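Source file: structure-v8.pdb (PDB, C-alpha atoms)
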ATOM      1  CA  MET A   1       0.000   0.000   0.000  1.00  0.00           C
ATOM      2  CA  ASN A   2       1.431   3.397  -0.927  1.00  0.00           C
ATOM      3  CA  MET A   3       1.890   6.081   1.732  1.00  0.00           C
ATOM      4  CA  GLN A   4      -0.979   8.281   0.487  1.00  0.00           C
ATOM      5  CA  LEU A   5      -3.460   5.410   0.600  1.00  0.00           C
ATOM      6  CA  ALA A   6      -2.140   4.269   3.970  1.00  0.00           C
ATOM      7  CA  LYS A   7      -2.627   7.783   5.353  1.00  0.00           C
ATOM      8  CA  LEU A   8      -6.167   8.064   3.988  1.00  0.00           C
ATOM      9  CA  THR A   9      -7.059   4.606   5.331  1.00  0.00           C
ATOM     10  CA  ALA A  10      -5.774   5.600   8.771  1.00  0.00           C
ATOM     11  CA  ALA A  11      -7.674   8.917   8.598  1.00  0.00           C
ATOM     12  CA  VAL A  12     -10.958   7.210   7.727  1.00  0.00           C
ATOM     13  CA  ASP A  13     -10.488   4.666  10.504  1.00  0.00           C
ATOM     14  CA  ALA A  14      -9.597   7.368  13.055  1.00  0.00           C
ATOM     15  CA  GLN A  15     -12.545   9.595  12.101  1.00  0.00           C
ATOM     16  CA  ASN A  16     -15.000   6.717  12.277  1.00  0.00           C
ATOM     17  CA  ALA A  17     -13.601   5.728  15.692  1.00  0.00           C
ATOM     18  CA  ALA A  18     -13.684   9.306  17.048  1.00  0.00           C
ATOM     19  CA  ASN A  19     -17.260   9.747  15.857  1.00  0.00           C
ATOM     20  CA  GLN A  20     -18.341   6.434  17.418  1.00  0.00           C
ATOM     21  CA  ILE A  21     -16.764   7.312  20.762  1.00  0.00           C
ATOM     22  CA  ALA A  22     -18.404  10.755  20.669  1.00  0.00           C
ATOM     23  CA  ASN A  23     -21.786   9.195  19.841  1.00  0.00           C
ATOM     24  CA  ASP A  24     -21.399   6.771  22.769  1.00  0.00           C
ATOM     25  CA  LEU A  25     -20.123   9.421  25.175  1.00  0.00           C
ATOM     26  CA  PHE A  26     -22.808  12.054  24.549  1.00  0.00           C
ATOM     27  CA  PRO A  27     -25.751  10.445  26.417  1.00  0.00           C
ATOM     28  CA  LYS A  28     -23.483   9.664  29.381  1.00  0.00           C
ATOM     29  CA  MET A  29     -22.242  13.246  29.501  1.00  0.00           C
ATOM     30  CA  ARG A  30     -25.761  14.613  29.148  1.00  0.00           C
ATOM     31  CA  GLU A  31     -26.890  12.637  32.200  1.00  0.00           C
ATOM     32  CA  ALA A  32     -23.753  13.499  34.196  1.00  0.00           C
ATOM     33  CA  PHE A  33     -24.290  17.229  33.612  1.00  0.00           C
ATOM     34  CA  ARG A  34     -28.073  17.251  34.043  1.00  0.00           C
ATOM     35  CA  PRO A  35     -27.923  17.815  37.864  1.00  0.00           C
ATOM     36  CA  PHE A  36     -25.807  20.929  37.266  1.00  0.00           C
ATOM     37  CA  VAL A  37     -28.306  22.853  35.091  1.00  0.00           C
ATOM     38  CA  GLY A  38     -28.753  26.299  36.646  1.00  0.00           C
ATOM     39  CA  LYS A  39     -25.568  25.930  38.693  1.00  0.00           C
ATOM     40  CA  LYS A  40     -22.094  27.355  38.343  1.00  0.00           C
ATOM     41  CA  ILE A  41     -19.869  24.646  36.858  1.00  0.00           C
ATOM     42  CA  LEU A  42     -16.766  26.684  36.052  1.00  0.00           C
ATOM     43  CA  LYS A  43     -14.242  28.113  38.493  1.00  0.00           C
ATOM     44  CA  ALA A  44     -12.727  31.576  38.025  1.00  0.00           C
ATOM     45  CA  ASP A  45      -9.807  30.061  36.085  1.00  0.00           C
ATOM     46  CA  GLY A  46     -12.223  28.428  33.621  1.00  0.00           C
ATOM     47  CA  SER A  47     -11.728  24.873  34.855  1.00  0.00           C
ATOM     48  CA  LEU A  48     -14.623  22.657  35.921  1.00  0.00           C
ATOM     49  CA  THR A  49     -15.627  22.708  39.581  1.00  0.00           C
ATOM     50  CA  GLN A  50     -14.563  19.720  41.670  1.00  0.00           C
ATOM     51  CA  ALA A  51     -18.158  18.479  41.936  1.00  0.00           C
ATOM     52  CA  VAL A  52     -18.466  18.407  38.142  1.00  0.00           C
ATOM     53  CA  GLN A  53     -15.050  16.774  37.737  1.00  0.00           C
ATOM     54  CA  ASN A  54     -16.094  14.058  40.163  1.00  0.00           C
ATOM     55  CA  ALA A  55     -19.401  13.522  38.358  1.00  0.00           C
ATOM     56  CA  ILE A  56     -17.839  13.099  34.927  1.00  0.00           C
ATOM     57  CA  ALA A  57     -14.587  11.323  35.847  1.00  0.00           C
ATOM     58  CA  ARG A  58     -16.110   7.868  35.563  1.00  0.00           C
ATOM     59  CA  ILE A  59     -17.607   8.351  32.111  1.00  0.00           C
ATOM     60  CA  PHE A  60     -14.498   9.267  30.143  1.00  0.00           C
ATOM     61  CA  PRO A  61     -12.742   6.477  28.298  1.00  0.00           C
ATOM     62  CA  ASP A  62      -9.908   5.168  30.435  1.00  0.00           C
ATOM     63  CA  ASN A  63      -7.903   3.669  27.613  1.00  0.00           C
ATOM     64  CA  LYS A  64      -5.346   4.523  24.999  1.00  0.00           C
ATOM     65  CA  VAL A  65      -7.861   4.526  22.142  1.00  0.00           C
ATOM     66  CA  ALA A  66      -9.020   8.119  22.599  1.00  0.00           C
ATOM     67  CA  ARG A  67      -8.440  11.267  24.592  1.00  0.00           C
ATOM     68  CA  VAL A  68     -11.237  13.605  25.611  1.00  0.00           C
ATOM     69  CA  PHE A  69     -10.653  17.332  26.080  1.00  0.00           C
ATOM     70  CA  ARG A  70     -13.047  20.059  27.138  1.00  0.00           C
ATOM     71  CA  SER A  71     -13.550  22.734  24.492  1.00  0.00           C
ATOM     72  CA  GLN A  72     -13.010  26.173  25.954  1.00  0.00           C
ATOM     73  CA  GLY A  73     -16.027  28.375  25.435  1.00  0.00           C
ATOM     74  CA  ARG A  74     -18.024  30.858  27.478  1.00  0.00           C
ATOM     75  CA  TYR A  75     -21.374  29.999  25.900  1.00  0.00           C
ATOM     76  CA  HIS A  76     -21.161  26.279  25.218  1.00  0.00           C
ATOM     77  CA  LEU A  77     -20.224  23.179  27.136  1.00  0.00           C
ATOM     78  CA  GLY A  78     -18.323  21.051  24.693  1.00  0.00           C
ATOM     79  CA  PHE A  79     -15.748  18.299  24.462  1.00  0.00           C
ATOM     80  CA  ARG A  80     -13.427  16.978  21.744  1.00  0.00           C
ATOM     81  CA  VAL A  81     -12.689  13.304  21.261  1.00  0.00           C
ATOM     82  CA  SER A  82      -9.251  12.771  19.720  1.00  0.00           C
ATOM     83  CA  VAL A  83      -8.156   9.475  18.157  1.00  0.00           C
ATOM     84  CA  SER A  84      -4.765   8.720  16.630  1.00  0.00           C
ATOM     85  CA  ARG A  85      -3.795   6.109  14.077  1.00  0.00           C
ATOM     86  CA  ASN A  86      -0.415   5.068  12.708  1.00  0.00           C
ATOM     87  CA  TYR A  87      -0.035   4.967   8.949  1.00  0.00           C
ATOM     88  CA  SER A  88       3.642   4.069   8.795  1.00  0.00           C
ATOM     89  CA  GLU A  89       6.332   2.953  11.170  1.00  0.00           C
ATOM     90  CA  HIS A  90       7.170   6.546  12.138  1.00  0.00           C
ATOM     91  CA  SER A  91       4.010   8.506  11.286  1.00  0.00           C
ATOM     92  CA  CYS A  92       0.598   8.949  12.808  1.00  0.00           C
ATOM     93  CA  LEU A  93      -2.350  11.280  12.434  1.00  0.00           C
ATOM     94  CA  TYR A  94      -5.128  12.548  14.673  1.00  0.00           C
ATOM     95  CA  LYS A  95      -8.830  12.975  13.986  1.00  0.00           C
ATOM     96  CA  GLU A  96     -11.355  14.611  16.267  1.00  0.00           C
ATOM     97  CA  ALA A  97     -15.081  14.681  16.862  1.00  0.00           C
ATOM     98  CA  GLY A  98     -16.902  17.397  18.740  1.00  0.00           C
ATOM     99  CA  VAL A  99     -19.592  16.942  21.371  1.00  0.00           C
ATOM    100  CA  VAL A 100     -21.618  19.949  22.539  1.00  0.00           C
ATOM    101  CA  VAL A 101     -23.503  18.978  25.677  1.00  0.00           C
ATOM    102  CA  GLY A 102     -25.177  22.251  26.558  1.00  0.00           C
ATOM    103  CA  MET A 103     -25.350  26.036  26.674  1.00  0.00           C
ATOM    104  CA  MET A 104     -23.616  28.265  29.205  1.00  0.00           C
ATOM    105  CA  ASP A 105     -24.624  31.756  30.314  1.00  0.00           C
ATOM    106  CA  GLY A 106     -21.160  33.247  29.731  1.00  0.00           C
ATOM    107  CA  GLY A 107     -20.466  33.416  33.464  1.00  0.00           C
ATOM    108  CA  GLY A 108     -19.866  29.760  34.220  1.00  0.00           C
ATOM    109  CA  ILE A 109     -23.480  28.708  34.811  1.00  0.00           C
ATOM    110  CA  LEU A 110     -24.879  25.798  32.811  1.00  0.00           C
ATOM    111  CA  ASP A 111     -28.147  27.048  31.268  1.00  0.00           C
ATOM    112  CA  LYS A 112     -29.336  24.111  29.234  1.00  0.00           C
ATOM    113  CA  ILE A 113     -28.570  20.524  28.276  1.00  0.00           C
ATOM    114  CA  TYR A 114     -29.102  19.455  24.674  1.00  0.00           C
ATOM    115  CA  GLU A 115     -31.638  16.634  24.575  1.00  0.00           C
ATOM    116  CA  GLU A 116     -31.309  15.557  20.952  1.00  0.00           C
ATOM    117  CA  ASN A 117     -28.936  12.648  20.479  1.00  0.00           C
ATOM    118  CA  LEU A 118     -25.654  13.016  18.689  1.00  0.00           C
ATOM    119  CA  SER A 119     -25.455  11.009  15.479  1.00  0.00           C
ATOM    120  CA  LEU A 120     -22.075  11.535  13.898  1.00  0.00           C
ATOM    121  CA  ARG A 121     -21.375   9.349  10.918  1.00  0.00           C
ATOM    122  CA  THR A 122     -19.272   6.241  11.626  1.00  0.00           C
ATOM    123  CA  ASP A 123     -19.260   4.502   8.258  1.00  0.00           C
ATOM    124  CA  PHE A 124     -16.954   6.578   6.058  1.00  0.00           C
ATOM    125  CA  ARG A 125     -15.133   4.499   3.428  1.00  0.00           C
ATOM    126  CA  VAL A 126     -11.822   5.157   1.698  1.00  0.00           C
ATOM    127  CA  GLU A 127     -13.387   4.738  -1.768  1.00  0.00           C
ATOM    128  CA  GLU A 128     -16.094   7.264  -0.929  1.00  0.00           C
ATOM    129  CA  ILE A 129     -13.542   9.883   0.158  1.00  0.00           C
ATOM    130  CA  GLN A 130     -11.435   9.265  -2.941  1.00  0.00           C
ATOM    131  CA  ALA A 131     -14.513   9.707  -5.166  1.00  0.00           C
ATOM    132  CA  ALA A 132     -15.530  12.911  -3.363  1.00  0.00           C
ATOM    133  CA  ARG A 133     -12.013  14.313  -3.745  1.00  0.00           C
ATOM    134  CA  GLU A 134     -12.047  13.534  -7.456  1.00  0.00           C
ATOM    135  CA  LEU A 135     -15.438  15.239  -7.824  1.00  0.00           C
ATOM    136  CA  VAL A 136     -14.071  18.345  -6.076  1.00  0.00           C
ATOM    137  CA  ARG A 137     -11.068  18.367  -8.418  1.00  0.00           C
ATOM    138  CA  VAL A 138     -13.312  18.111 -11.500  1.00  0.00           C
ATOM    139  CA  LYS A 139     -15.709  20.803 -10.251  1.00  0.00           C
ATOM    140  CA  ARG A 140     -12.807  23.161  -9.408  1.00  0.00           C
ATOM    141  CA  ASN A 141     -11.500  22.772 -12.946  1.00  0.00           C
ATOM    142  CA  GLU A 142     -14.980  23.492 -14.345  1.00  0.00           C
ATOM    143  CA  LEU A 143     -15.265  26.557 -12.107  1.00  0.00           C
ATOM    144  CA  SER A 144     -11.855  27.784 -13.195  1.00  0.00           C
ATOM    145  CA  ARG A 145     -12.822  27.470 -16.877  1.00  0.00           C
ATOM    146  CA  ALA A 146     -16.129  29.283 -16.268  1.00  0.00           C
ATOM    147  CA  GLU A 147     -14.357  32.088 -14.408  1.00  0.00           C
ATOM    148  CA  GLY A 148     -11.975  32.404 -17.351  1.00  0.00           C
ATOM    149  CA  GLU A 149     -14.927  32.861 -19.698  1.00  0.00           C
ATOM    150  CA  LEU A 150     -16.164  35.730 -17.512  1.00  0.00           C
ATOM    151  CA  MET A 151     -12.782  37.488 -17.611  1.00  0.00           C
ATOM    152  CA  GLY A 152     -13.405  41.196 -17.986  1.00  0.00           C
ATOM    153  CA  PHE A 153     -17.071  40.926 -17.006  1.00  0.00           C
ATOM    154  CA  GLY A 154     -17.127  39.403 -13.533  1.00  0.00           C
ATOM    155  CA  GLU A 155     -20.018  37.519 -11.949  1.00  0.00           C
ATOM    156  CA  HIS A 156     -22.352  40.477 -11.424  1.00  0.00           C
ATOM    157  CA  ASP A 157     -23.384  43.690 -13.157  1.00  0.00           C
ATOM    158  CA  ASN A 158     -23.242  46.382 -10.507  1.00  0.00           C
TER
END
Could you write out this file's structure as structure tokens?
Amino acid sequence: MNMQLAKLTAAVDAQNAANQIANDLFPKMREAFRPFVGKKILKADGSLTQAVQNAIARIFPDNKVARVFRSQGRYHLGFRVSVSRNYSEHSCLYKEAGVVVGMMDGGGILDKIYEENLSLRTDFRVEEIQAARELVRVKRNELSRAEGELMGFGEHDN
């Protein structure tokens, strides 16, 4: 397998894995944060309060498959799931999936928990990505030719 294909294969596998972990983690995080709606969950330094840390500690994956980080934001409560995959003896890549659990008031108080389930796609295929990339290449070339035909006129008459 050539390096480009190996890298794409690893990227597809990592993205599917990150999305699956995020999909699985979301309902657990939603329930862990539910008791904190209307309460201050962030300390002055922006970190989670000890009570929140204790509540969520048991739900994060305790393995080497993924790492979970809190997204810093004043108005959202979000997390990033990061998964790495090797594609050669000395090279790896990382893919991430985002999970937004709720809304914050901007002052550290959790306003709302999102109830709708997360459904990130977990079935990407290498062939599908290759085909989409080829379509983008073809369409860019078509766009470039069309823009050339408009040379001197532009897209709009102002």
Taking the file as shown, find all residues satisfying the PyMOL selection byres ((chain A and resi 43) around 12) and write them as a PyMOL selection string. chain A and resi 39-42+44-53+74+107-109
State, in Å with one decimal place, the distance from CA of Leu118 (chain A) to CA of Phe26 (chain A).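 Going from CA of Leu118 (chain A) over to CA of Phe26 (chain A), I get 6.6 Å.
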Considering only C-alpha atoms, can you say which of A:Asn117, A:Asp105, A:Gly98, A:Asn16 comes closest to Lys28 (chain A)? A:Asn117
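Across A:Ala132, A:Met103, A:Gln15, A:Arg58, the tightest approach to Glu115 (chain A) is made by A:Met103 when counting all atoms listed in the file.
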For a quick check of your reading of the model, name the residues lying within 12 Å of the coordinate (-14.5, 18.6, 12.0), counting all atoms listed in the file, and write them as a list in words.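 The answer, in the requested form, is Gln15, Asn16, Ala18, Asn19, Arg80, Val81, Ser82, Tyr94, Lys95, Glu96, Ala97, Gly98, Val99, Leu120 and Arg121 of chain A.
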Using C-alpha atoms, can you export the residues from the last selection as an mmCIF file, in the coordinates of the input?
data_model
loop_
_atom_site.group_PDB
_atom_site.id
_atom_site.type_symbol
_atom_site.label_atom_id
_atom_site.label_comp_id
_atom_site.auth_asym_id
_atom_site.auth_seq_id
_atom_site.Cartn_x
_atom_site.Cartn_y
_atom_site.Cartn_z
ATOM 1 C CA GLN A 15 -12.545 9.595 12.101
ATOM 2 C CA ASN A 16 -15.000 6.717 12.277
ATOM 3 C CA ALA A 18 -13.684 9.306 17.048
ATOM 4 C CA ASN A 19 -17.260 9.747 15.857
ATOM 5 C CA ARG A 80 -13.427 16.978 21.744
ATOM 6 C CA VAL A 81 -12.689 13.304 21.261
ATOM 7 C CA SER A 82 -9.251 12.771 19.720
ATOM 8 C CA TYR A 94 -5.128 12.548 14.673
ATOM 9 C CA LYS A 95 -8.830 12.975 13.986
ATOM 10 C CA GLU A 96 -11.355 14.611 16.267
ATOM 11 C CA ALA A 97 -15.081 14.681 16.862
ATOM 12 C CA GLY A 98 -16.902 17.397 18.740
ATOM 13 C CA VAL A 99 -19.592 16.942 21.371
ATOM 14 C CA LEU A 120 -22.075 11.535 13.898
ATOM 15 C CA ARG A 121 -21.375 9.349 10.918
#
Fewer than 4 positions away in the same chain doesn't count, so skip those; otherwise give me all residues within 7 Å of Gly78 (chain A), counting only C-alpha atoms, as a ChimeraX atom specification. /A:70-71,99-101
Of A:Val37, A:Ala11, A:Ala22, A:Met1, the one nearest to Ser119 (chain A) when counting all atoms listed in the file is A:Ala22
